[in-house]
Structures are given as C-alpha cells and as structure tokens.
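Undergrad: My file is input_32.txt. It has compact mmCIF, C-alpha atoms and all ligand atoms:
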```txt
# COMPACT_ATOMS: atom_id res chain seq x y z
CA MET F 10 -48.46 96.09 172.93
CA ARG F 11 -45.93 94.03 174.84
CA PRO F 12 -43.26 96.07 176.58
CA PHE F 13 -39.84 95.84 175.04
CA SER F 14 -37.26 96.66 177.58
CA ALA F 15 -34.44 98.98 176.77
CA SER F 16 -32.48 97.40 179.59
CA SER F 17 -31.96 94.33 177.43
CA PHE F 18 -29.91 96.57 175.11
CA PRO F 19 -27.77 98.64 177.46
CA LEU F 20 -25.42 99.52 174.65
CA PHE F 21 -28.12 101.30 172.68
CA ASP F 22 -27.41 104.67 174.21
CA SER F 23 -23.69 104.44 173.59
CA PHE F 24 -23.98 104.20 169.80
CA PRO F 25 -22.82 107.30 167.99
CA ASP F 26 -25.83 107.12 165.64
CA ALA F 27 -29.48 107.53 166.41
CA MET F 28 -30.93 104.02 166.85
CA ILE F 29 -34.60 103.14 166.54
CA ALA F 30 -36.05 99.62 166.80
CA VAL F 31 -39.38 99.00 165.14
CA ASP F 32 -41.60 95.94 165.51
CA GLY F 33 -43.20 93.93 162.71
CA ASP F 34 -46.12 96.41 162.55
CA GLY F 35 -43.84 99.40 162.20
CA HIS F 36 -44.29 100.72 165.70
CA ILE F 37 -41.35 102.30 167.44
CA ARG F 38 -40.30 100.11 170.35
CA LEU F 39 -36.93 101.40 171.34
CA VAL F 40 -35.04 104.67 170.82
CA ASN F 41 -31.73 105.92 172.11
CA GLU F 42 -30.71 109.38 173.29
CA GLN F 43 -29.21 110.24 169.93
CA ALA F 44 -32.57 109.57 168.27
CA GLU F 45 -34.29 111.90 170.74
CA ARG F 46 -31.74 114.56 169.98
CA LEU F 47 -31.89 114.05 166.22
CA PHE F 48 -35.67 114.21 165.90
CA GLY F 49 -36.47 116.53 168.81
CA TYR F 50 -39.05 114.19 170.36
CA GLY F 51 -38.93 112.83 173.88
CA ARG F 52 -38.64 109.06 174.21
CA ASP F 53 -42.24 108.76 175.41
CA GLU F 54 -43.52 110.74 172.45
CA MET F 55 -42.01 108.22 170.04
CA LEU F 56 -42.49 104.84 171.72
CA GLY F 57 -45.54 103.02 170.36
CA GLN F 58 -45.96 105.44 167.44
CA PRO F 59 -45.66 104.34 163.80
CA ILE F 60 -42.18 104.94 162.47
CA GLU F 61 -43.78 106.98 159.66
CA MET F 62 -44.04 109.89 162.11
CA LEU F 63 -40.39 110.53 161.26
CA VAL F 64 -40.89 110.23 157.49
CA PRO F 65 -41.88 113.20 155.28
CA GLN F 66 -45.65 113.37 154.73
CA GLN F 67 -45.53 112.68 150.99
CA LEU F 68 -43.46 109.50 151.45
CA ARG F 69 -45.33 107.93 154.33
CA GLU F 70 -47.58 105.69 152.27
CA ARG F 71 -44.71 104.38 150.19
CA HIS F 72 -42.66 103.84 153.33
CA VAL F 73 -45.27 101.44 154.72
CA GLY F 74 -44.86 99.33 151.56
CA HIS F 75 -41.06 99.33 151.80
CA ARG F 76 -41.25 98.39 155.43
CA SER F 77 -43.47 95.35 154.86
CA LYS F 78 -41.17 94.21 152.08
CA TYR F 79 -38.20 94.43 154.40
CA VAL F 80 -39.94 92.39 157.08
CA ARG F 81 -40.43 89.62 154.49
CA ASP F 82 -36.73 89.65 153.52
CA PRO F 83 -34.76 91.08 156.41
CA ARG F 84 -31.04 91.57 155.82
CA THR F 85 -28.53 94.08 157.10
CA ARG F 86 -28.29 96.75 154.43
CA PRO F 87 -28.27 100.46 153.85
CA MET F 88 -31.67 101.91 153.11
CA GLY F 89 -32.37 103.68 149.83
CA ILE F 90 -28.90 103.13 148.42
CA GLY F 91 -27.74 106.20 146.54
CA LEU F 92 -30.71 108.25 147.70
CA GLU F 93 -30.64 111.27 149.91
CA LEU F 94 -33.03 110.29 152.67
CA THR F 95 -34.93 112.86 154.65
CA GLY F 96 -36.25 112.63 158.18
CA VAL F 97 -38.78 114.99 159.78
CA ARG F 98 -38.22 116.50 163.19
CA LYS F 99 -40.85 117.33 165.74
CA ASP F 100 -40.68 121.01 164.74
CA GLY F 101 -41.43 120.02 161.11
CA SER F 102 -37.92 120.74 159.85
CA ASN F 103 -36.16 118.22 157.62
CA VAL F 104 -32.89 116.50 158.30
CA LEU F 105 -30.73 114.66 155.71
CA VAL F 106 -29.93 111.18 156.93
CA GLU F 107 -28.24 107.95 156.01
CA ILE F 108 -29.90 104.82 157.36
CA SER F 109 -28.73 101.21 157.77
CA LEU F 110 -31.25 98.55 158.62
CA SER F 111 -30.67 95.28 160.44
CA PRO F 112 -33.02 92.59 161.65
CA LEU F 113 -33.00 91.82 165.38
CA GLU F 114 -34.43 88.62 166.84
CA THR F 115 -35.27 88.74 170.55
CA ASP F 116 -37.39 86.80 173.01
CA ASP F 117 -39.94 89.55 172.51
CA GLY F 118 -40.12 88.92 168.76
CA SER F 119 -38.58 90.23 165.53
CA PHE F 120 -37.56 93.82 165.19
CA VAL F 121 -35.90 96.01 162.66
CA VAL F 122 -33.20 98.29 163.98
CA SER F 123 -32.32 101.43 162.05
CA ALA F 124 -29.07 103.25 162.63
CA ILE F 125 -29.67 106.82 161.50
CA ARG F 126 -26.85 109.23 160.84
CA ASN F 127 -27.33 112.95 160.36
CA ILE F 128 -25.47 113.81 157.16
CA THR F 129 -26.65 117.39 156.74
CA GLU F 130 -23.21 118.77 157.51
CA ARG F 131 -21.44 116.23 155.36
CA LYS F 132 -23.76 116.95 152.43
CA GLU F 133 -23.25 120.66 152.84
CA PHE F 134 -19.52 120.10 152.93
CA GLU F 135 -19.72 117.97 149.78
CA ARG F 136 -21.73 120.64 148.04
CA THR F 137 -19.25 123.35 149.02
CA LEU F 138 -16.45 121.10 147.81
CA GLN F 139 -18.14 120.54 144.48
CA ALA F 140 -18.69 124.26 144.04
CA LYS F 141 -15.06 124.91 144.95
CA ASN F 142 -13.92 122.26 142.49
CA ALA F 143 -15.92 123.81 139.70
CA GLU F 144 -14.43 127.18 140.61
CA LEU F 145 -10.91 125.76 140.55
CA GLU F 146 -11.47 124.10 137.20
CA ALA F 147 -12.70 127.36 135.77
CA ALA F 148 -9.72 129.21 137.24
CA ASN F 149 -7.35 126.62 135.84
CA ALA F 150 -8.88 126.86 132.39
CA ALA F 151 -8.60 130.65 132.62
CA LYS F 152 -4.96 130.33 133.63
CA ASP F 153 -4.18 128.08 130.67
CA GLN F 154 -5.93 130.48 128.36
CA PHE F 155 -4.07 133.39 129.93
CA LEU F 156 -0.71 131.69 129.52
CA ALA F 157 -1.39 130.67 125.96
CA SER F 158 -2.30 134.19 124.93
CA MET F 159 0.30 135.88 127.13
CA SER F 160 3.13 133.82 125.74
CA HIS F 161 2.29 135.27 122.36
CA GLU F 162 1.43 138.76 123.58
CA LEU F 163 4.58 139.11 125.66
CA ARG F 164 7.01 137.62 123.21
CA THR F 165 5.86 139.45 120.11
CA PRO F 166 6.59 143.03 121.23
CA LEU F 167 9.73 141.95 123.01
CA ASN F 168 11.05 140.29 119.88
CA ALA F 169 10.35 143.53 118.01
CA ILE F 170 12.28 145.53 120.62
CA ILE F 171 15.23 143.15 120.47
CA GLY F 172 15.11 142.89 116.69
CA PHE F 173 14.97 146.62 115.97
CA THR F 174 17.62 147.34 118.57
CA GLY F 175 19.76 144.90 116.62
CA THR F 176 19.19 146.69 113.30
CA LEU F 177 19.96 150.05 114.96
CA LEU F 178 23.17 148.59 116.37
CA MET F 179 24.08 147.28 112.94
CA ARG F 180 23.63 150.91 111.84
CA LEU F 181 21.24 149.87 109.09
CA PRO F 182 19.06 153.00 109.50
CA GLY F 183 22.08 155.31 109.90
CA PRO F 184 25.11 156.23 112.04
CA LEU F 185 25.12 156.14 115.84
CA THR F 186 27.06 158.14 118.40
CA ASP F 187 29.04 156.18 121.01
CA GLU F 188 26.58 157.24 123.66
CA GLN F 189 23.62 155.96 121.59
CA GLU F 190 25.35 152.70 120.90
CA GLN F 191 26.09 152.16 124.58
CA GLN F 192 22.50 152.81 125.57
CA LEU F 193 21.15 150.60 122.79
CA ARG F 194 23.33 147.75 124.05
CA ILE F 195 21.68 148.12 127.44
CA VAL F 196 18.24 148.01 125.77
CA GLN F 197 19.30 144.88 123.91
CA SER F 198 20.70 142.98 126.86
CA SER F 199 17.78 143.95 129.11
CA GLY F 200 15.38 142.85 126.38
CA ARG F 201 17.12 139.50 126.06
CA HIS F 202 17.13 139.06 129.78
CA LEU F 203 13.41 139.82 130.01
CA LEU F 204 12.68 137.42 127.15
CA SER F 205 14.54 134.57 128.81
CA LEU F 206 12.75 135.26 132.07
CA ILE F 207 9.38 135.20 130.32
CA ASN F 208 10.32 131.99 128.54
CA ASP F 209 11.32 130.38 131.84
CA ILE F 210 8.09 131.36 133.56
CA LEU F 211 5.95 130.22 130.65
CA ASP F 212 7.81 126.94 130.32
CA LEU F 213 7.45 126.29 133.99
CA ALA F 214 3.74 127.01 133.82
CA LYS F 215 3.42 124.62 130.91
CA ILE F 216 5.33 121.89 132.73
CA GLU F 217 3.13 122.35 135.79
CA ALA F 218 0.03 122.09 133.61
CA GLY F 219 1.48 118.99 131.89
CA LYS F 220 1.28 120.86 128.62
CA ILE F 221 4.89 121.08 127.59
CA GLU F 222 5.52 119.54 124.18
CA LEU F 223 8.82 117.77 123.80
CA HIS F 224 10.07 115.93 120.75
CA LEU F 225 12.75 113.41 121.55
CA GLU F 226 14.87 112.88 118.47
CA PRO F 227 18.53 112.43 117.58
CA VAL F 228 20.21 115.79 118.22
CA ARG F 229 23.74 116.74 117.16
CA LEU F 230 25.22 117.70 120.49
CA HIS F 231 28.13 119.68 119.04
CA GLU F 232 25.78 122.02 117.24
CA VAL F 233 23.72 122.75 120.34
CA ILE F 234 26.79 123.35 122.51
CA GLU F 235 28.36 125.64 119.94
CA GLU F 236 25.17 127.68 119.61
CA VAL F 237 24.91 128.05 123.39
CA CYS F 238 28.55 129.03 123.74
CA ASP F 239 28.40 131.50 120.85
CA SER F 240 25.51 133.30 122.48
CA LEU F 241 27.35 133.61 125.80
CA ARG F 242 30.93 134.17 124.65
CA SER F 243 30.69 137.95 124.95
CA MET F 244 29.77 137.59 128.61
CA ALA F 245 33.02 135.69 129.22
CA THR F 246 35.01 138.28 127.27
CA ASP F 247 33.40 141.15 129.20
CA LYS F 248 34.38 139.52 132.51
CA GLY F 249 37.86 138.57 131.30
CA LEU F 250 37.24 134.85 131.83
CA ALA F 251 38.83 132.07 129.80
CA PHE F 252 36.08 130.24 127.96
CA ASP F 253 36.86 126.83 126.47
CA VAL F 254 34.79 124.20 124.75
CA VAL F 255 36.33 120.72 124.61
CA LEU F 256 34.44 118.40 122.25
CA PRO F 257 35.32 114.91 121.06
CA ASN F 258 36.35 114.75 117.41
CA GLU F 259 33.38 112.72 116.35
CA GLN F 260 29.85 114.13 116.37
CA THR F 261 27.74 112.84 119.25
CA LEU F 262 24.09 112.14 118.61
CA VAL F 263 22.05 112.35 121.77
CA ARG F 264 18.42 111.46 122.13
CA SER F 265 16.79 114.66 123.29
CA ASP F 266 14.51 117.60 122.67
CA ARG F 267 16.66 120.22 121.02
CA ARG F 268 15.08 123.28 122.58
CA ALA F 269 14.96 121.80 126.09
CA LEU F 270 18.57 120.69 125.86
CA SER F 271 19.64 124.08 124.66
CA GLN F 272 17.73 125.79 127.45
CA ILE F 273 19.34 123.63 130.15
CA LEU F 274 22.84 124.24 128.78
CA LEU F 275 22.21 127.96 128.39
CA ASN F 276 21.32 128.14 132.05
CA LEU F 277 24.26 126.05 133.24
CA VAL F 278 26.81 128.00 131.22
CA ASN F 279 25.15 131.29 132.06
CA ASN F 280 25.31 130.41 135.78
CA ALA F 281 28.95 129.35 135.51
CA LEU F 282 29.81 132.72 133.95
CA LYS F 283 27.59 134.65 136.34
CA TYR F 284 29.02 133.13 139.49
CA THR F 285 32.70 133.27 138.46
CA GLU F 286 34.80 136.43 138.84
CA THR F 287 38.24 135.16 137.85
CA GLY F 288 39.60 132.12 136.09
CA SER F 289 37.74 130.05 133.56
CA VAL F 290 34.58 128.36 132.43
CA THR F 291 35.03 125.12 130.48
CA ILE F 292 32.48 122.94 128.72
CA GLU F 293 33.63 119.37 128.14
CA VAL F 294 31.83 116.40 126.65
CA ALA F 295 32.73 112.83 127.58
CA THR F 296 31.00 109.61 126.63
CA ARG F 297 30.93 106.52 128.78
CA ARG F 298 29.29 103.14 128.85
CA THR F 299 27.09 102.24 131.82
CA SER F 300 24.97 99.20 132.55
CA SER F 301 22.03 100.94 130.84
CA GLY F 302 23.90 101.78 127.65
CA LEU F 303 26.01 104.57 126.20
CA HIS F 304 25.81 107.91 127.95
CA CYS F 305 27.27 111.27 127.45
CA ASP F 306 28.28 113.70 130.20
CA ILE F 307 28.26 117.40 129.48
CA ASN F 308 30.38 119.04 132.17
CA VAL F 309 30.17 122.77 132.79
CA ARG F 310 33.18 123.59 134.95
CA ASP F 311 33.87 126.93 136.60
CA THR F 312 36.39 128.44 138.99
CA GLY F 313 33.77 130.59 140.70
CA ILE F 314 32.33 131.12 144.16
CA GLY F 315 31.19 127.49 144.58
CA ILE F 316 28.27 126.17 146.61
CA LYS F 317 28.30 125.38 150.31
CA PRO F 318 27.23 121.83 151.26
CA GLN F 319 24.30 123.18 153.30
CA ASP F 320 22.96 125.01 150.24
CA ARG F 321 22.81 121.95 148.00
CA GLU F 322 19.10 121.30 148.54
CA ARG F 323 17.93 124.87 148.01
CA LEU F 324 19.61 125.28 144.67
CA PHE F 325 16.96 123.52 142.61
CA GLN F 326 13.95 125.12 144.25
CA ALA F 327 11.95 127.69 142.31
CA PHE F 328 12.87 131.35 142.97
CA GLU F 329 15.77 130.30 145.20
CA GLN F 330 18.99 132.25 144.96
CA LEU F 331 21.73 131.56 147.42
CA GLU F 332 22.97 135.08 147.75
CA PRO F 333 20.57 137.29 149.74
CA LEU F 334 18.87 140.05 147.73
CA SER F 335 20.66 142.77 149.70
CA THR F 336 24.13 141.73 148.56
CA ARG F 337 23.30 140.30 145.15
CA ARG F 338 25.33 141.64 142.28
CA VAL F 339 24.04 139.41 139.51
CA GLU F 340 20.64 139.34 137.90
CA GLY F 341 18.31 136.36 137.72
CA ALA F 342 15.11 135.06 139.22
CA GLY F 343 16.28 131.77 140.66
CA LEU F 344 14.21 129.81 138.16
CA GLY F 345 16.98 128.50 135.94
CA LEU F 346 18.09 125.42 137.86
CA HIS F 347 14.56 124.56 138.94
CA LEU F 348 13.42 124.59 135.34
CA SER F 349 16.58 122.85 134.12
CA GLN F 350 16.06 120.00 136.52
CA LYS F 351 12.43 119.56 135.48
CA LEU F 352 13.36 119.66 131.80
CA SER F 353 16.20 117.18 132.39
CA LYS F 354 13.79 114.68 133.87
CA LEU F 355 11.40 115.14 130.96
CA ILE F 356 14.08 114.44 128.37
CA GLY F 357 15.39 111.43 130.28
CA ALA F 358 18.57 113.19 131.37
CA HIS F 359 20.10 113.67 134.79
CA LEU F 360 21.46 116.87 136.28
CA SER F 361 24.00 116.80 139.11
CA PHE F 362 26.87 118.87 140.44
CA ILE F 363 29.94 118.82 142.62
CA SER F 364 31.29 121.97 144.16
CA GLU F 365 33.87 123.34 146.51
CA PRO F 366 33.11 126.74 148.08
CA GLY F 367 35.63 129.33 146.96
CA LYS F 368 37.11 127.02 144.33
CA GLY F 369 34.36 126.35 141.82
CA SER F 370 31.71 123.94 140.63
CA VAL F 371 31.09 121.34 137.96
CA PHE F 372 27.51 120.89 136.78
CA THR F 373 26.98 117.68 134.81
CA LEU F 374 24.13 116.85 132.48
CA THR F 375 24.04 113.15 131.64
CA LEU F 376 22.18 112.18 128.47
CA PRO F 377 21.47 108.87 126.79
CA ILE F 378 23.24 108.56 123.44
CA ASP F 379 20.95 107.89 120.51
CA ALA F 380 20.90 104.37 119.06
CA LYS F 381 22.57 105.75 115.95
CA GLY F 382 25.38 106.68 118.34
CA ILE F 383 28.40 108.59 117.35
CA ALA F 384 28.60 109.84 113.80
N1 LIG F 401 27.91 127.69 138.90
C1 LIG F 401 27.45 128.17 140.05
N2 LIG F 401 28.30 128.56 141.03
C2 LIG F 401 27.84 129.04 142.21
N3 LIG F 401 26.54 129.16 142.52
C3 LIG F 401 25.64 128.79 141.60
C4 LIG F 401 26.04 128.28 140.33
N4 LIG F 401 24.92 127.98 139.62
C5 LIG F 401 23.89 128.30 140.42
N5 LIG F 401 24.30 128.79 141.60
C6 LIG F 401 23.46 129.24 142.74
O1 LIG F 401 22.18 128.65 142.57
C7 LIG F 401 21.17 129.65 142.53
C8 LIG F 401 20.06 129.22 141.63
O2 LIG F 401 20.46 129.19 140.28
P1 LIG F 401 19.38 129.49 139.17
O3 LIG F 401 18.18 128.67 139.48
O4 LIG F 401 20.01 129.32 137.82
O5 LIG F 401 18.98 131.00 139.43
P2 LIG F 401 19.62 132.37 138.93
O6 LIG F 401 20.62 132.07 137.86
O7 LIG F 401 18.45 133.15 138.44
O8 LIG F 401 20.24 132.99 140.16
C9 LIG F 401 21.89 130.90 142.08
O9 LIG F 401 21.22 132.05 142.51
C10 LIG F 401 23.27 130.75 142.73
O10 LIG F 401 23.19 131.17 144.07
MG MG F 402 20.44 130.76 136.26
```
So that I can check it, write out the structure of this file as structure tokens.
Ligand SMILES: Nc1ncnc2c1ncn2[C@@H]1O[C@H](COP(=O)(O)OP(=O)(O)O)[C@@H](O)[C@H]1O
Ligand SMILES: [Mg+2]
TA:
Amino acid sequence: MRPFSASSFPLFDSFPDAMIAVDGDGHIRLVNEQAERLFGYGRDEMLGQPIEMLVPQQLRERHVGHRSKYVRDPRTRPMGIGLELTGVRKDGSNVLVEISLSPLETDDGSFVVSAIRNITERKEFERTLQAKNAELEAANAAKDQFLASMSHELRTPLNAIIGFTGTLLMRLPGPLTDEQEQQLRIVQSSGRHLLSLINDILDLAKIEAGKIELHLEPVRLHEVIEEVCDSLRSMATDKGLAFDVVLPNEQTLVRSDRRALSQILLNLVNNALKYTETGSVTIEVATRRTSSGLHCDINVRDTGIGIKPQDRERLFQAFEQLEPLSTRRVEGAGLGLHLSQKLSKLIGAHLSFISEPGKGSVFTLTLPIDAKGIA
C-alpha cells in the first residue's frame, strides 16, 4: 500500500469533527486526532485497516456494498440520510454518529473522506426534549380539563350562596333582625366579589389557552352601560360619590361581544369608584369619525387618587396593584385591567387613559360603531 502522507493535509487535525480518509478499496489511509478520540484506537491501529472495523458487526457486509456504490458515483453528501448511524469503538461500545462523505482527488489517487460527528449527546437531548414536550402537552390538556370542570364546579355553589342570600335578604323565608341583615349583606358582597374574581381568573386562563369564545355582533351600548351602572350604583351611594351617566339621545350600536364589553366596563367603573374618595365618577359616551370609520369613546372619569406617570406601564400587568399590600384599603387582585386590555384587543377595541395624580383619571374605551350605526 502506497503511503499517503498526512502532511499533505495539515488542516486535518484542526477540524472539529473526526475525519477519516479511505482509499478505493476501503482501507483507512488518514485519520485525525478527533477520530482517534472518538473511536478509542491509536492512529497506527487504524491506518491500513478496512473502514468496516468501525462499523457494527451486523452491518459490515452491507457497508462494503454501499462503499463500492459510492466510489462509482462520488458526490459530497450526508450518509444514510434520516438514519441514526452507529459507530463501534475499540472497547466494543457504540456511538451515535452523523457522517458526511466527500470525494478527494490527490496525486496519490482517489479517496473518500468522511467527517464523523458524535451526536450521542444531541440525540439524548432531543429525546429528553420530546419526553418533556409530551409531558407538557399532557399537563396542558389536564389544565384545560381542570379549568373547564372548575369553572362549573366553582360557579355553581357560589351562585347558590349568592342566590339564597338574596332570597333571605328579600325576607322571602321570613323576617330578619338588623344584625342578621347586616351580616347577610356581607355574605352577599363577599360572594359577588369571589365570583367576579373566579370569572376573571377563568377568563384569563381561557384567553391564554386561545379558548375564549367571543361573538361580535351589534350591541346596544346604552343597555350595557345602564346595566353596569345599575350594578355599581350602591357602591357610589355608600361612598357618597356623585355618579352620573351621560349618554347621547340616540341609541348607539357598537360592534362587540356583549359579555366582554360589559366585563371591561364593570372593571373600569368599579376601579373609578374604588380609587375615588371624594367627588364624582362620570360615564360619558361620545362618537367621532376617524379615518377608519365611526368610533365611539366610552369615558370613565373620576376625581380620585390618579396614577403617577412612572406607574403607567405596571397598571396593565397581571396581579399588579399600585398601592403596596401593607397600605391597601381596597380589595382586588390586580387582574381587572390586565384582563380588560386583553378583552379589548379581542373585540377590536382600544383601552387608554389619562391621569393626573391627586386629581383623577379618565379611562377611555374606543369601539368601532356597527355598520347599522346609530339607531
Ligand atoms: N381609576 C383609577 N384610579 C387610580 N388608580 C387606578 C384606577 N384604576 C386602576 N388603578 C390602579 O391600577 C391597579 C390595577 O387595576 P386592576 O387591574 O383593575 O386591579 P384591582 O382593581 O384588582 O386593584 C389598581 O390596583 C390601582 O392601583
Ligand atoms: Mg379592578
């Protein structure tokens, strides 16, 4: 066998992959350090040996066939595309590899150079990743299932609590002492609060899972606003705040999802009342024409504590409340604005605010007006 000098390929040792050059008869003629390390043989143990020494026993015969075919049609290409290839080390252990072949013409004749990369770690990593993915999918499915059943399981008893507290308060089953009435009112308002919290969390979970169902349709804005204000009027009365609703004479039809719209407004008005100690909360509706058509602004104006410029960003984050827990006087979970903003986007609306600390805030929900317009 004619010597094939490694010195004609000084770069061989600097390749990151194991490199082995084989002659037309399949004998190893050149190896680099990485190949020695990968297969555990010394250079001298490999040179002159058939390349099949590095191939698993059961594949050796077939490998000879593949090799002769390659010599007849030599091109640079990966070997065994899509297959997991296995090499055998000196100690008999297997190593998962990826191999690219290229022909090499030299003065000493034609050779085939294989670049061999150890992919054991990568494969293991891929396998772990796949297992993790399957785990995550299962966990996600379990979460969806949990939420679907919990939304029912949590709401049903809570609705019973709120409902029966209502009938007790209406004195349907019999008379109440003042003390009983007062305590029942606490049960009722805590129940309502818990229900709205549960609804927020479940809605948020559904939005995150892309499972929220919205029906965009023409909605009579006046009706929604009046419902929202009716449900919160007692809060204004209790705090001694003026509470005004200023609506245009004509009905406004907005294109929206009724429940989502109502939930956003409930939160905005509830916040305005919560974060105002003296003065007023006013809801005004104004329509205006922009380049993209008719729009309607619902302004919720308060004379409350206001929002500092540096707090603007935090406001819409989940579970963010500006007042630290230690000094907080009002209840809430900091989900309202986060959810409202997400819902606004989903119904094609826009939520913004202006505020002056110590003076008050105006939160504005801008909605597209339905094609049928103003009725
Ligand atoms: N009208 C408002 N005036 C002053 N601060 C407000 C107003 N609305 C919201 N905020 C601030 O934004 C925070 C986040 O609001 P929100 O997400 O609705 O949570 P929550 O009502 O549960 O506190 C509130 O905790 C409050 O600090
Ligand atoms: Mg809120």
Undergrad: Smallest atom-to-atom distance to Thr115 (chain F): which of F:Glu293, F:Glu222, F:Asp32, F:Asp22, using all atoms listed in the file?
TA: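 Closest to Thr115 (chain F), using all atoms listed in the file: F:Asp32.
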Undergrad: Using all atoms listed in the file, which residues of the polymer chains come no farther than 6 Å from ligand MG 402 (chain F)? I'd like the answer as a list in words.
TA: Asn276, Asn280 and Gly345 of chain F
Undergrad: May I have the residues within 6 Å of ligand LIG 401 (chain F), computed using all atoms listed in the file, as number ranges by chain?
TA: F: 280-281, 284, 313-316, 324, 329-332, 341-347, 370
Undergrad: Pick out the residues sitting within 8 Å of Pro227 (chain F), and hand them over as a ChimeraX atom specification; count only C-alpha atoms, and ignore anything fewer than 5 positions along from it in its own chain.
TA: /F:262-265,379,381
Undergrad: Quick check, in Å to one decimal: how far apart do CA of Glu130 (chain F) and CA of Leu68 (chain F) lie?
TA: 23.1 Å
Undergrad: Quick one: of F:Arg52, F:Asn127, F:Pro184, F:Leu275, who's nearest to Glu236 (chain F), counting all atoms listed in the file?
TA: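 The closest residue to Glu236 (chain F) is F:Leu275.
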Undergrad: From the options F:Ser353, F:Thr312, F:Thr287, F:Ser205, which residue's atoms come nearest to Arg267 (chain F), counting all atoms listed in the file?
TA: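 Going through F:Ser353, F:Thr312, F:Thr287, F:Ser205 one by one, the smallest distance to Arg267 (chain F) is for F:Ser353.
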Undergrad: As an exercise, work out the distance from CA of Ala214 (chain F) to CA of Ser240 (chain F) in Å and give it to one decimal place.
TA: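 Distance reported for this atom pair: 25.3 Å.
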Undergrad: What is the CA of Tyr50 (chain F)-CA of Ile29 (chain F) distance in Å, reported with one decimal?
TA: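 For CA of Tyr50 (chain F) relative to CA of Ile29 (chain F), the distance reads 12.5 Å.
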Undergrad: Using all atoms listed in the file, which residue out of F:Leu376, F:Val121, F:Leu145, F:Ile356 lies closest to Lys78 (chain F)?
TA: F:Val121
Undergrad: Which residue is closest to Thr129 (chain F)? Choose from F:Ala150, F:Val106, F:Ile210, F:Ala143 and count all atoms listed in the file.
TA: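 Under the stated criterion, the closest residue is F:Val106.
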Undergrad: With distances taken over only C-alpha atoms, which of F:Arg297, F:Arg201, F:Arg71, F:His304 is nearest to Leu241 (chain F)?
TA: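 That would be F:Arg201, the residue with the smallest distance to Leu241 (chain F).
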Undergrad: Which residues are close to Met244 (chain F), i.e. within 12 Å by all atoms listed in the file, leaving aside same-chain residues fewer than 4 positions away? Reply as an mmCIF file with C-alpha atoms, in the coordinates of the input.
TA:
```
data_model
loop_
_atom_site.group_PDB
_atom_site.id
_atom_site.type_symbol
_atom_site.label_atom_id
_atom_site.label_comp_id
_atom_site.auth_asym_id
_atom_site.auth_seq_id
_atom_site.Cartn_x
_atom_site.Cartn_y
_atom_site.Cartn_z
ATOM 1 C CA SER F 198 20.700 142.980 126.860
ATOM 2 C CA VAL F 237 24.910 128.050 123.390
ATOM 3 C CA CYS F 238 28.550 129.030 123.740
ATOM 4 C CA ASP F 239 28.400 131.500 120.850
ATOM 5 C CA SER F 240 25.510 133.300 122.480
ATOM 6 C CA LYS F 248 34.380 139.520 132.510
ATOM 7 C CA GLY F 249 37.860 138.570 131.300
ATOM 8 C CA LEU F 250 37.240 134.850 131.830
ATOM 9 C CA ALA F 251 38.830 132.070 129.800
ATOM 10 C CA PHE F 252 36.080 130.240 127.960
ATOM 11 C CA VAL F 278 26.810 128.000 131.220
ATOM 12 C CA ASN F 279 25.150 131.290 132.060
ATOM 13 C CA ASN F 280 25.310 130.410 135.780
ATOM 14 C CA ALA F 281 28.950 129.350 135.510
ATOM 15 C CA LEU F 282 29.810 132.720 133.950
ATOM 16 C CA LYS F 283 27.590 134.650 136.340
ATOM 17 C CA TYR F 284 29.020 133.130 139.490
ATOM 18 C CA THR F 285 32.700 133.270 138.460
ATOM 19 C CA GLU F 286 34.800 136.430 138.840
ATOM 20 C CA VAL F 290 34.580 128.360 132.430
#
```
Undergrad: Residues within 12 Å of Arg268 (chain F), please, as a list in words. Count all atoms listed in the file; anything in the same chain fewer than 2 positions from it doesn't count.
TA: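 Within the cut-off, the hits are Asn208, Asp212, Ile221, Glu222, Leu223, His224, Leu225, Glu226, Val228, Leu230, Val233, Ile234, Glu236, Val237, Ser265, Asp266, Leu270, Ser271, Gln272, Ile273, Leu274, Leu275, Ser349, Leu352, Ser353 and Ile356 of chain F.
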Undergrad: Using only C-alpha atoms and a cutoff of 9 Å, can you tell me which residues are near (-43.1, 99.5, 156.9) in the file's coordinates, and write them out as a list of chain:residue names?
TA: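 Checked against the point, the hits come out as F:Gly33, F:Asp34, F:Gly35, F:His36, F:Pro59, F:Ile60, F:Glu61, F:Glu70, F:Arg71, F:His72, F:Val73, F:Gly74, F:His75, F:Arg76, F:Ser77, F:Lys78, F:Tyr79, F:Val80.
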Undergrad: For Leu47 (chain F), work out the shell of residues within 9 Å, counting only C-alpha atoms and skipping chain neighbours fewer than 6 positions away, then give it as a tab-separated table (two decimals) with C-alpha atoms, keeping the file's coordinate frame.
TA:
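Listed below is the output, around_31.tsv:
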```tsv
chain	number	residue	atom	x	y	z
F	27	ALA	CA	-29.48	107.53	166.41
F	98	ARG	CA	-38.22	116.50	163.19
F	104	VAL	CA	-32.89	116.50	158.30
F	125	ILE	CA	-29.67	106.82	161.50
F	126	ARG	CA	-26.85	109.23	160.84
F	127	ASN	CA	-27.33	112.95	160.36
```
Undergrad: Could you work out an axis-aligned box for region 85-104 of chain F, taking every atom the file lists and adding 8 Å on each side, and report centre and edge lengths in Å to one decimal, as lines of an AutoDock Vina configuration file?
TA:
```
center_x = -34.6
center_y = 107.5
center_z = 156.1
size_x = 29.7
size_y = 42.9
size_z = 35.2
```
Undergrad: Atoms are missing here; could region 184-194 of chain F be completed with N, CA and C atoms and written as a compact mmCIF listing (two decimals), in the frame of the given file?
TA:
```
# COMPACT_ATOMS: atom_id res chain seq x y z
N PRO F 184 24.01 156.25 111.06
CA PRO F 184 25.11 156.23 112.04
C PRO F 184 24.62 156.43 113.47
N LEU F 185 25.44 156.01 114.42
CA LEU F 185 25.12 156.14 115.84
C LEU F 185 26.28 156.82 116.55
N THR F 186 25.98 157.62 117.56
CA THR F 186 27.06 158.14 118.40
C THR F 186 27.43 157.03 119.39
N ASP F 187 28.60 157.19 120.03
CA ASP F 187 29.04 156.18 121.01
C ASP F 187 28.02 156.05 122.14
N GLU F 188 27.54 157.20 122.56
CA GLU F 188 26.58 157.24 123.66
C GLU F 188 25.31 156.45 123.29
N GLN F 189 24.81 156.67 122.05
CA GLN F 189 23.62 155.96 121.59
C GLN F 189 23.88 154.46 121.53
N GLU F 190 25.04 154.12 121.02
CA GLU F 190 25.35 152.70 120.90
C GLU F 190 25.37 152.04 122.28
N GLN F 191 25.99 152.71 123.23
CA GLN F 191 26.09 152.16 124.58
C GLN F 191 24.70 151.95 125.18
N GLN F 192 23.84 152.93 124.98
CA GLN F 192 22.50 152.81 125.57
C GLN F 192 21.68 151.73 124.85
N LEU F 193 21.88 151.64 123.53
CA LEU F 193 21.15 150.60 122.79
C LEU F 193 21.58 149.20 123.23
N ARG F 194 22.86 149.06 123.58
CA ARG F 194 23.33 147.75 124.05
C ARG F 194 22.64 147.37 125.36
```
